[in-house]
Each structure stands twice: as C-alpha cells, then as structure tokens.
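Undergrad: TSV, C-alpha atoms, saved as coords_5.tsv, coming up:
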```tsv
chain	number	residue	atom	x	y	z
A	1	MET	CA	19.36	-17.51	-3.00
A	2	THR	CA	16.09	-18.65	-1.43
A	3	HIS	CA	14.95	-17.22	1.89
A	4	SER	CA	12.39	-19.06	4.00
A	5	GLU	CA	10.01	-17.68	6.60
A	6	GLY	CA	10.35	-20.93	8.49
A	7	HIS	CA	7.35	-20.72	10.83
A	8	ASP	CA	4.36	-21.58	8.63
A	9	SER	CA	2.83	-24.84	9.82
A	10	GLN	CA	-0.38	-24.80	7.79
A	11	PRO	CA	-0.84	-27.78	5.44
A	12	THR	CA	-2.20	-25.48	2.71
A	13	ALA	CA	-0.92	-26.20	-0.80
A	14	ARG	CA	1.85	-23.92	-1.98
A	15	THR	CA	2.12	-22.06	-5.25
A	16	THR	CA	4.71	-19.81	-6.87
A	17	LEU	CA	4.12	-16.27	-8.12
A	18	PRO	CA	6.25	-13.48	-9.52
A	19	LEU	CA	6.53	-10.88	-6.77
A	20	PHE	CA	6.45	-7.10	-7.17
A	21	PRO	CA	7.30	-5.32	-3.88
A	22	LEU	CA	5.72	-1.86	-3.69
A	23	HIS	CA	5.28	0.99	-1.25
A	24	THR	CA	1.54	0.38	-1.33
A	25	VAL	CA	-0.98	-2.36	-0.54
A	26	ALA	CA	-3.02	-4.11	-3.21
A	27	LEU	CA	-6.55	-5.04	-2.15
A	28	PRO	CA	-8.83	-7.77	-3.59
A	29	GLY	CA	-11.30	-6.43	-6.15
A	30	VAL	CA	-9.58	-3.03	-6.35
A	31	HIS	CA	-7.86	-1.65	-9.45
A	32	LEU	CA	-4.16	-0.86	-9.11
A	33	PRO	CA	-2.59	1.11	-12.00
A	34	LEU	CA	1.20	0.93	-12.24
A	35	HIS	CA	3.92	2.60	-14.28
A	36	ILE	CA	6.61	0.03	-15.13
A	37	PHE	CA	10.10	1.35	-15.81
A	38	GLU	CA	12.65	-1.04	-14.25
A	39	PRO	CA	14.02	-3.55	-16.79
A	40	ARG	CA	13.19	-6.59	-14.62
A	41	TYR	CA	9.56	-5.53	-14.26
A	42	ARG	CA	9.35	-4.67	-17.95
A	43	GLN	CA	10.30	-8.31	-18.50
A	44	LEU	CA	7.65	-9.37	-16.01
A	45	THR	CA	5.05	-7.38	-17.91
A	46	ILE	CA	6.10	-9.02	-21.18
A	47	ASP	CA	5.84	-12.43	-19.51
A	48	LEU	CA	2.36	-11.55	-18.24
A	49	VAL	CA	1.14	-10.27	-21.62
A	50	THR	CA	2.46	-13.34	-23.44
A	51	GLU	CA	1.10	-15.61	-20.68
A	52	VAL	CA	4.48	-17.06	-19.86
A	53	VAL	CA	3.19	-16.34	-16.35
A	54	PRO	CA	-0.01	-18.40	-15.86
A	55	GLU	CA	-3.32	-16.53	-15.58
A	56	ARG	CA	-1.48	-13.17	-15.80
A	57	LEU	CA	-1.17	-13.22	-12.00
A	58	PHE	CA	1.62	-11.76	-9.91
A	59	GLY	CA	1.96	-10.95	-6.24
A	60	VAL	CA	2.16	-7.51	-4.68
A	61	ALA	CA	3.67	-7.21	-1.21
A	62	ALA	CA	4.02	-3.94	0.69
A	63	ILE	CA	7.55	-2.90	1.61
A	64	ARG	CA	7.85	-2.46	5.38
A	65	ASN	CA	10.25	0.48	5.44
A	66	PRO	CA	10.12	3.42	3.01
A	67	THR	CA	13.92	3.61	3.05
A	68	ILE	CA	14.30	0.12	1.52
A	69	ASP	CA	15.26	0.32	-2.16
A	70	GLU	CA	16.10	-3.32	-2.86
A	71	VAL	CA	14.02	-6.20	-1.50
A	72	ASP	CA	16.07	-9.35	-1.16
A	73	GLU	CA	14.72	-10.98	2.01
A	74	LEU	CA	11.31	-11.67	3.53
A	75	ALA	CA	11.87	-9.27	6.42
A	76	HIS	CA	11.76	-6.38	3.93
A	77	VAL	CA	8.07	-6.89	3.07
A	78	HIS	CA	4.83	-7.64	4.88
A	79	ALA	CA	4.10	-11.35	5.10
A	80	VAL	CA	0.54	-10.99	3.73
A	81	GLY	CA	0.14	-9.69	0.20
A	82	CYS	CA	-2.35	-9.80	-2.64
A	83	ALA	CA	-2.11	-11.43	-6.04
A	84	VAL	CA	-3.23	-9.12	-8.83
A	85	ARG	CA	-4.27	-9.94	-12.39
A	86	LEU	CA	-3.06	-7.91	-15.36
A	87	ARG	CA	-6.03	-6.35	-17.16
A	88	GLU	CA	-4.40	-3.89	-19.52
A	89	ALA	CA	-0.86	-3.14	-20.66
A	90	ARG	CA	0.16	-0.19	-22.80
A	91	ARG	CA	3.73	-0.18	-24.06
A	92	LEU	CA	5.33	3.25	-24.38
A	93	PRO	CA	7.83	4.15	-27.14
A	94	ASP	CA	10.82	3.90	-24.78
A	95	GLY	CA	9.90	0.38	-23.59
A	96	ARG	CA	8.18	1.36	-20.36
A	97	PHE	CA	4.62	0.20	-19.66
A	98	ASP	CA	1.49	1.66	-18.14
A	99	ILE	CA	-0.59	-1.21	-16.79
A	100	VAL	CA	-3.80	-1.74	-14.87
A	101	THR	CA	-4.21	-4.68	-12.52
A	102	THR	CA	-7.04	-5.84	-10.29
A	103	GLY	CA	-6.60	-7.43	-6.87
A	104	HIS	CA	-7.43	-11.13	-6.98
A	105	ARG	CA	-6.62	-13.10	-3.81
A	106	ARG	CA	-4.59	-12.74	-0.64
A	107	PHE	CA	-1.56	-14.84	0.14
A	108	ARG	CA	1.03	-15.44	2.85
A	109	LEU	CA	4.67	-15.30	1.81
A	110	LEU	CA	6.73	-18.37	2.66
A	111	GLU	CA	9.88	-18.13	0.56
A	112	LEU	CA	11.57	-15.55	-1.63
A	113	ASP	CA	13.55	-16.57	-4.71
A	114	THR	CA	16.00	-13.97	-5.96
A	115	GLU	CA	17.83	-16.07	-8.57
A	116	SER	CA	15.60	-18.13	-10.86
A	117	ALA	CA	14.14	-15.22	-12.87
A	118	PRO	CA	15.07	-11.62	-13.72
A	119	TYR	CA	12.41	-10.54	-11.20
A	120	LEU	CA	11.57	-11.82	-7.74
A	121	ARG	CA	9.53	-14.98	-7.33
A	122	ALA	CA	7.79	-16.10	-4.16
A	123	THR	CA	6.37	-19.30	-2.75
A	124	VAL	CA	3.03	-18.54	-1.12
A	125	THR	CA	-0.07	-20.09	0.39
A	126	TRP	CA	-3.49	-18.60	-0.31
A	127	LEU	CA	-5.38	-16.91	2.54
A	128	ASP	CA	-9.16	-17.12	2.47
A	129	ASP	CA	-11.74	-15.49	4.73
A	130	GLU	CA	-13.29	-17.10	7.76
A	131	PRO	CA	-16.85	-18.20	6.92
A	132	LEU	CA	-19.67	-15.86	7.86
A	133	PRO	CA	-21.59	-17.06	10.93
A	134	VAL	CA	-24.92	-18.79	10.32
A	135	GLY	CA	-27.77	-16.28	10.53
A	136	SER	CA	-25.52	-13.24	10.12
A	137	GLU	CA	-27.43	-11.75	7.20
A	138	GLU	CA	-28.94	-8.91	9.24
A	139	THR	CA	-25.58	-8.03	10.76
A	140	VAL	CA	-23.95	-8.02	7.32
A	141	ALA	CA	-26.68	-5.76	5.92
A	142	ARG	CA	-26.38	-3.34	8.86
A	143	LEU	CA	-22.58	-3.15	8.61
A	144	ALA	CA	-22.82	-2.68	4.85
A	145	ASP	CA	-25.24	0.21	5.32
A	146	VAL	CA	-23.11	2.04	7.88
A	147	GLY	CA	-19.98	1.39	5.81
A	148	ARG	CA	-21.62	2.86	2.71
A	149	ALA	CA	-22.78	5.86	4.75
A	150	ALA	CA	-19.22	6.46	5.98
A	151	HIS	CA	-18.00	6.16	2.38
A	152	ARG	CA	-20.52	8.79	1.23
A	153	ARG	CA	-19.46	11.14	4.02
A	154	TYR	CA	-15.79	10.77	3.16
A	155	CYS	CA	-16.29	11.23	-0.58
A	156	SER	CA	-18.57	14.23	-0.11
A	157	VAL	CA	-15.86	16.12	1.78
A	158	ALA	CA	-12.80	14.75	-0.04
A	159	TRP	CA	-14.05	14.91	-3.63
A	160	GLN	CA	-15.58	18.29	-4.23
A	161	SER	CA	-16.13	17.43	-7.88
A	162	GLY	CA	-18.69	14.81	-6.92
A	163	GLY	CA	-17.14	12.39	-9.41
A	164	TRP	CA	-17.39	9.30	-7.23
A	165	GLN	CA	-19.68	6.29	-7.09
A	166	SER	CA	-20.73	3.89	-4.37
A	167	PRO	CA	-19.89	0.21	-4.91
A	168	PRO	CA	-22.71	-1.71	-6.64
A	169	GLN	CA	-25.46	-2.89	-4.34
A	170	ASP	CA	-24.78	-6.52	-5.23
A	171	THR	CA	-21.12	-6.33	-4.11
A	172	GLU	CA	-20.18	-9.41	-2.10
A	173	PRO	CA	-19.76	-8.71	1.64
A	174	ALA	CA	-16.21	-10.10	1.46
A	175	LEU	CA	-15.20	-7.42	-1.08
A	176	LEU	CA	-17.25	-4.46	0.13
A	177	ALA	CA	-14.81	-3.21	2.78
A	178	TYR	CA	-11.97	-3.20	0.24
A	179	LEU	CA	-13.97	-1.24	-2.33
A	180	LEU	CA	-15.15	1.29	0.24
A	181	ALA	CA	-11.63	1.83	1.53
A	182	SER	CA	-10.08	2.05	-1.93
A	183	ASP	CA	-11.48	5.55	-2.43
A	184	CYS	CA	-9.80	6.81	0.73
A	185	LEU	CA	-6.16	7.90	0.96
A	186	LEU	CA	-5.37	5.62	3.88
A	187	PRO	CA	-1.88	5.18	5.34
A	188	LEU	CA	-0.14	1.99	4.30
A	189	ALA	CA	-0.49	0.49	7.78
A	190	ASP	CA	-4.29	0.86	7.65
A	191	ARG	CA	-4.53	-0.71	4.21
A	192	GLN	CA	-2.33	-3.57	5.39
A	193	GLU	CA	-4.58	-4.11	8.41
A	194	LEU	CA	-7.61	-4.32	6.11
A	195	LEU	CA	-5.81	-6.80	3.89
A	196	GLU	CA	-4.83	-9.04	6.79
A	197	GLU	CA	-8.26	-9.08	8.44
A	198	ARG	CA	-9.84	-12.43	7.54
A	199	ASN	CA	-13.19	-11.92	9.27
A	200	PRO	CA	-15.58	-10.12	6.86
A	201	LEU	CA	-17.64	-8.59	9.68
A	202	ARG	CA	-14.61	-7.20	11.50
A	203	ARG	CA	-13.28	-5.92	8.17
A	204	LEU	CA	-16.49	-3.98	7.50
A	205	ARG	CA	-16.32	-2.49	10.99
A	206	LEU	CA	-12.70	-1.53	10.41
A	207	ALA	CA	-13.50	0.11	7.06
A	208	HIS	CA	-16.29	2.11	8.71
A	209	ARG	CA	-13.97	3.29	11.48
A	210	LEU	CA	-11.18	4.29	9.09
A	211	LEU	CA	-13.47	6.14	6.70
A	212	THR	CA	-15.14	7.99	9.56
A	213	ARG	CA	-11.75	9.00	10.96
A	214	GLU	CA	-10.44	10.18	7.58
A	215	ALA	CA	-13.61	12.14	6.81
A	216	THR	CA	-13.10	14.00	10.08
A	217	PHE	CA	-9.46	14.73	9.22
A	218	VAL	CA	-10.32	16.03	5.76
A	219	SER	CA	-13.11	18.23	7.14
A	220	GLU	CA	-10.90	19.73	9.83
A	221	LEU	CA	-7.86	20.24	7.62
A	222	ARG	CA	-9.93	21.34	4.62
A	223	ALA	CA	-7.65	19.28	2.40
A	224	VAL	CA	-9.09	17.72	-0.72
A	225	PRO	CA	-7.11	14.67	-1.90
A	226	PRO	CA	-7.60	13.42	-5.46
A	227	PRO	CA	-9.41	10.12	-6.12
A	228	GLN	CA	-6.86	7.35	-5.65
A	229	HIS	CA	-8.21	4.96	-8.25
A	230	GLU	CA	-9.41	7.30	-10.97
A	231	ILE	CA	-8.55	5.28	-14.07
A	232	PRO	CA	-9.25	6.37	-17.67
A	233	GLU	CA	-11.93	4.27	-19.34
A	234	THR	CA	-9.49	3.31	-22.10
A	235	LEU	CA	-7.40	1.45	-19.56
A	236	LEU	CA	-10.33	-0.66	-18.38
A	237	ARG	CA	-10.94	-2.45	-21.66
A	238	PRO	CA	-10.67	-6.24	-21.24
A	239	ASN	CA	-8.19	-6.85	-24.08
A	240	LEU	CA	-4.45	-6.44	-23.80
A	241	ASN	CA	-2.66	-4.29	-26.35
```
Once you've parsed the file, please lay out its structure as structure tokens.

TA:
Amino acid sequence: MTHSEGHDSQPTARTTLPLFPLHTVALPGVHLPLHIFEPRYRQLTIDLVTEVVPERLFGVAAIRNPTIDEVDELAHVHAVGCAVRLREARRLPDGRFDIVTTGHRRFRLLELDTESAPYLRATVTWLDDEPLPVGSEETVARLADVGRAAHRRYCSVAWQSGGWQSPPQDTEPALLAYLLASDCLLPLADRQELLEERNPLRRLRLAHRLLTREATFVSELRAVPPPQHEIPETLLRPNLN
C-alpha cells in the first residue's frame, strides 16, 4: 500500500529512500549509532553494506507518538527527516548489527511504501537551506561565537569528565548549529525544530537558546547526563566490515 501526503506542490525532483522510523531525530553532519535487531532492518543493513541501496543512504524520520510501535502511514512520523549514510557496520554472532551513520541531507516525506521491500521505503524531496543574506558574514561570526560559548557552558556543567570538544573552527555555518546541539540531551521536539529550520541564522540562534536553557536546567538539577554521541574510535573507521 502506498500512502501519499497529498499537499506538496513544490516542483522539486523526487527520489526514493529506504526509511527507518525512530524515536529520535537525525541531524545533518551528526553521527548516529544504531543497534539493529529487527529482521527487516537487518536486511536493510545488508543491502546498505552490499550497496544494493545506492550511496549507502537511508532516511530517518522521527516517530510522532512514543506509543506507536508500527509505522504504516505518514501521519505516524514527522514530515521532515534526514537521510543518513552508513559509515560502519559490525555484524554480531546472532545476526544483529551495530552500525554508525552520519546525517547527510534533510528531506520532506511525500509517500510511504509498505509493500515493495521488506523494510519501509519513502518518496521524498530534498530540503536545502535558504541562502545566507549578502553581507551577513559578521552576523554569522557573532552567532557562531555565542553558540560556541553556550556549548562550552553546557558541556562544562553536563560533562564533569571534561571529555568533550568544540566543533572545528572551519565548520560550515549551515552545520554548526547541528553539531553544537548534538552534544546536548534535547527533547525530540527541540531536535525536530532544529532539523526543520531552513534559515542558518535562525538555526544558530535557536541552538544558542536551547543550549543556554539546558545548561541552566542541568546546573539547577545537578544532573549529569552522559555524552549522547560518544562513539568508540573503532566505529569511526571509514571501511565497512
């Protein structure tokens, strides 16, 4: 059965991706480790490793309601998701996989195909950022500085071990907000808002606001969450096993 969103009027070219609905939000440029145990997603992993799926890309869409166990219609997931690329796959003796993916590019869901493959497939259009305004370099630099400062404040109170790093100085403005926010244990709704924001300046402002808020919460509650994207070095090697 194929379900259609039915209200997309953009002339953007469509493409088809395998779709993995999750109770989390994938962000461009951010690592997302996954433990694969369901048979259909084991098959997806095999198809990614063997490049049956082009470019080792699949889509991740956040499930709207935590009580939903089976996604079979568009209303069950957020309309904007992120394609991720498989970087590493480690097969376990019982057939499960531990994999690492990296967020690649945002998309809007148009149709959901529940029949043509063992796993879900989706028809999507890509979503790109609005262009930065001419002469916005100073604004970008200022927002990057305050965003990095908020990131340092959050990490200094949330990670008592000090085992965190700021994003590289040459990080593109379009990716910086995602990387700053990836170290923070944000609610799904906040991560989804970041994903859907297509204006890089507003996204940096949003990341600053969220990090500042969360740093205050952590300080007041004296709770120390673990790093969300702490991935062993062995899983970040470029070759698939």

Undergrad: Write out as JSON lines a residue-level contact list of stretch 131-201 of chain A versus stretch 206-215 of chain A with cut-off 7 Å: for each qualifying residue the closest pair of atoms and the distance in Å to one decimal, counting only C-alpha atoms, rows sorted by chain and residue number upward.

TA:
```
{"residue": "A:Val146", "atom": "CA", "partner": "A:His208", "partner_atom": "CA", "distance": 6.9}
{"residue": "A:Gly147", "atom": "CA", "partner": "A:His208", "partner_atom": "CA", "distance": 4.7}
{"residue": "A:Ala150", "atom": "CA", "partner": "A:Thr212", "partner_atom": "CA", "distance": 5.6}
{"residue": "A:His151", "atom": "CA", "partner": "A:Leu211", "partner_atom": "CA", "distance": 6.3}
{"residue": "A:Arg153", "atom": "CA", "partner": "A:Ala215", "partner_atom": "CA", "distance": 6.6}
{"residue": "A:Tyr154", "atom": "CA", "partner": "A:Ala215", "partner_atom": "CA", "distance": 4.5}
{"residue": "A:Val157", "atom": "CA", "partner": "A:Ala215", "partner_atom": "CA", "distance": 6.8}
{"residue": "A:Ala177", "atom": "CA", "partner": "A:Ala207", "partner_atom": "CA", "distance": 5.6}
{"residue": "A:Ala181", "atom": "CA", "partner": "A:Ala207", "partner_atom": "CA", "distance": 6.1}
```

Undergrad: Identify which of the residues A:Val134, A:Leu204, A:Val84, A:Leu109 lies closest to A:Arg148, counting all atoms listed in the file when measuring atom-to-atom distances.

TA: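 Under the stated criterion, the closest residue is A:Leu204.
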
Undergrad: Which is closest to A:Phe37 among A:Arg64, A:Arg152, A:Arg91, A:Arg56, if we use only C-alpha atoms?

TA: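 With only C-alpha atoms as the atom set, the closest residue is A:Arg91.
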
Undergrad: Interatomic distance between atom CA of A:Gly29 and atom CA of A:Gly103?

TA: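 Value for the atom CA of A:Gly29-atom CA of A:Gly103 distance: 4.9 Å.
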
Undergrad: Quick one, how far is atom CA of A:Ala117 from atom CA of A:Glu196?

TA: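 Going from atom CA of A:Ala117 over to atom CA of A:Glu196 covers 28.0 Å.
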
Undergrad: Which value, in Å to one decimal, gives the distance between atom CA of A:Asp72 and atom CA of A:Arg42?

TA: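 If I compute the distance from atom CA of A:Asp72 to atom CA of A:Arg42, I get 18.7 Å.
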
Undergrad: List the spatial neighbours of A:Pro167 as a ChimeraX atom specification - criterion: any atom at most 9 Å away, all atoms listed in the file, same-chain residues fewer than 4 positions off excluded.

TA: /A:148,171,176,179-180

Undergrad: Please supply stretch 194-205 of chain A, rebuilt with all heavy atoms, as a short mmCIF file (atom, residue, chain, number, x, y, z; two decimals), in the frame of the given file.

TA:
```
data_model
loop_
_atom_site.label_atom_id
_atom_site.label_comp_id
_atom_site.auth_asym_id
_atom_site.auth_seq_id
_atom_site.Cartn_x
_atom_site.Cartn_y
_atom_site.Cartn_z
N LEU A 194 -6.42 -3.86 6.83
CA LEU A 194 -7.61 -4.32 6.11
C LEU A 194 -7.32 -5.60 5.33
O LEU A 194 -8.12 -6.53 5.32
CB LEU A 194 -8.09 -3.24 5.14
CG LEU A 194 -9.01 -2.16 5.67
CD1 LEU A 194 -9.16 -1.05 4.65
CD2 LEU A 194 -10.38 -2.74 6.03
N LEU A 195 -6.16 -5.63 4.68
CA LEU A 195 -5.81 -6.80 3.89
C LEU A 195 -5.68 -8.03 4.76
O LEU A 195 -6.10 -9.13 4.37
CB LEU A 195 -4.49 -6.55 3.15
CG LEU A 195 -4.00 -7.68 2.24
CD1 LEU A 195 -4.93 -7.84 1.04
CD2 LEU A 195 -2.57 -7.42 1.78
N GLU A 196 -5.11 -7.89 5.94
CA GLU A 196 -4.83 -9.04 6.79
C GLU A 196 -6.04 -9.52 7.56
O GLU A 196 -6.04 -10.65 8.06
CB GLU A 196 -3.69 -8.70 7.75
CG GLU A 196 -2.36 -8.48 7.04
CD GLU A 196 -1.20 -8.27 8.00
OE1 GLU A 196 -1.38 -8.54 9.22
OE2 GLU A 196 -0.11 -7.87 7.54
N GLU A 197 -7.07 -8.69 7.69
CA GLU A 197 -8.26 -9.08 8.44
C GLU A 197 -9.07 -10.13 7.67
O GLU A 197 -9.57 -9.86 6.58
CB GLU A 197 -9.13 -7.85 8.73
CG GLU A 197 -10.43 -8.17 9.48
CD GLU A 197 -10.18 -8.92 10.77
OE1 GLU A 197 -9.64 -8.31 11.72
OE2 GLU A 197 -10.53 -10.13 10.82
N ARG A 198 -9.19 -11.31 8.24
CA ARG A 198 -9.84 -12.43 7.54
C ARG A 198 -11.29 -12.64 7.95
O ARG A 198 -11.96 -13.52 7.42
CB ARG A 198 -9.04 -13.71 7.76
CG ARG A 198 -7.63 -13.62 7.18
CD ARG A 198 -6.80 -14.84 7.51
NE ARG A 198 -7.33 -16.04 6.88
CZ ARG A 198 -6.80 -17.26 7.05
NH1 ARG A 198 -5.74 -17.41 7.83
NH2 ARG A 198 -7.33 -18.30 6.44
N ASN A 199 -11.79 -11.84 8.87
CA ASN A 199 -13.19 -11.92 9.27
C ASN A 199 -13.97 -10.82 8.55
O ASN A 199 -13.72 -9.63 8.79
CB ASN A 199 -13.32 -11.76 10.79
CG ASN A 199 -14.74 -11.90 11.28
OD1 ASN A 199 -15.60 -11.10 10.93
ND2 ASN A 199 -14.99 -12.91 12.09
N PRO A 200 -14.90 -11.16 7.65
CA PRO A 200 -15.58 -10.12 6.86
C PRO A 200 -16.34 -9.11 7.70
O PRO A 200 -16.41 -7.93 7.33
CB PRO A 200 -16.54 -10.93 5.97
CG PRO A 200 -15.93 -12.30 5.89
CD PRO A 200 -15.29 -12.53 7.23
N LEU A 201 -16.91 -9.53 8.84
CA LEU A 201 -17.64 -8.59 9.68
C LEU A 201 -16.70 -7.60 10.35
O LEU A 201 -16.95 -6.39 10.37
CB LEU A 201 -18.46 -9.35 10.73
CG LEU A 201 -19.48 -10.35 10.19
CD1 LEU A 201 -20.24 -10.99 11.34
CD2 LEU A 201 -20.45 -9.68 9.23
N ARG A 202 -15.59 -8.11 10.88
CA ARG A 202 -14.61 -7.20 11.50
C ARG A 202 -14.02 -6.27 10.45
O ARG A 202 -13.71 -5.10 10.75
CB ARG A 202 -13.52 -8.01 12.20
CG ARG A 202 -13.96 -8.68 13.49
CD ARG A 202 -12.77 -9.05 14.36
NE ARG A 202 -11.91 -10.02 13.72
CZ ARG A 202 -11.97 -11.33 13.92
NH1 ARG A 202 -12.88 -11.84 14.75
NH2 ARG A 202 -11.14 -12.15 13.32
N ARG A 203 -13.86 -6.76 9.22
CA ARG A 203 -13.28 -5.92 8.17
C ARG A 203 -14.23 -4.77 7.81
O ARG A 203 -13.79 -3.64 7.57
CB ARG A 203 -12.94 -6.77 6.95
CG ARG A 203 -12.06 -6.05 5.94
CD ARG A 203 -11.39 -7.01 4.98
NE ARG A 203 -12.33 -7.79 4.23
CZ ARG A 203 -12.37 -9.13 4.25
NH1 ARG A 203 -11.51 -9.84 4.96
NH2 ARG A 203 -13.25 -9.79 3.53
N LEU A 204 -15.52 -5.04 7.77
CA LEU A 204 -16.49 -3.98 7.50
C LEU A 204 -16.49 -2.95 8.62
O LEU A 204 -16.57 -1.74 8.37
CB LEU A 204 -17.89 -4.57 7.31
CG LEU A 204 -18.19 -5.16 5.93
CD1 LEU A 204 -19.49 -5.95 5.96
CD2 LEU A 204 -18.27 -4.05 4.88
N ARG A 205 -16.39 -3.42 9.86
CA ARG A 205 -16.32 -2.49 10.99
C ARG A 205 -15.06 -1.63 10.90
O ARG A 205 -15.09 -0.43 11.17
CB ARG A 205 -16.36 -3.26 12.32
CG ARG A 205 -17.69 -3.95 12.62
CD ARG A 205 -17.70 -4.52 14.03
NE ARG A 205 -18.95 -5.21 14.30
CZ ARG A 205 -19.11 -6.54 14.24
NH1 ARG A 205 -18.06 -7.30 13.92
NH2 ARG A 205 -20.26 -7.09 14.49
#
```
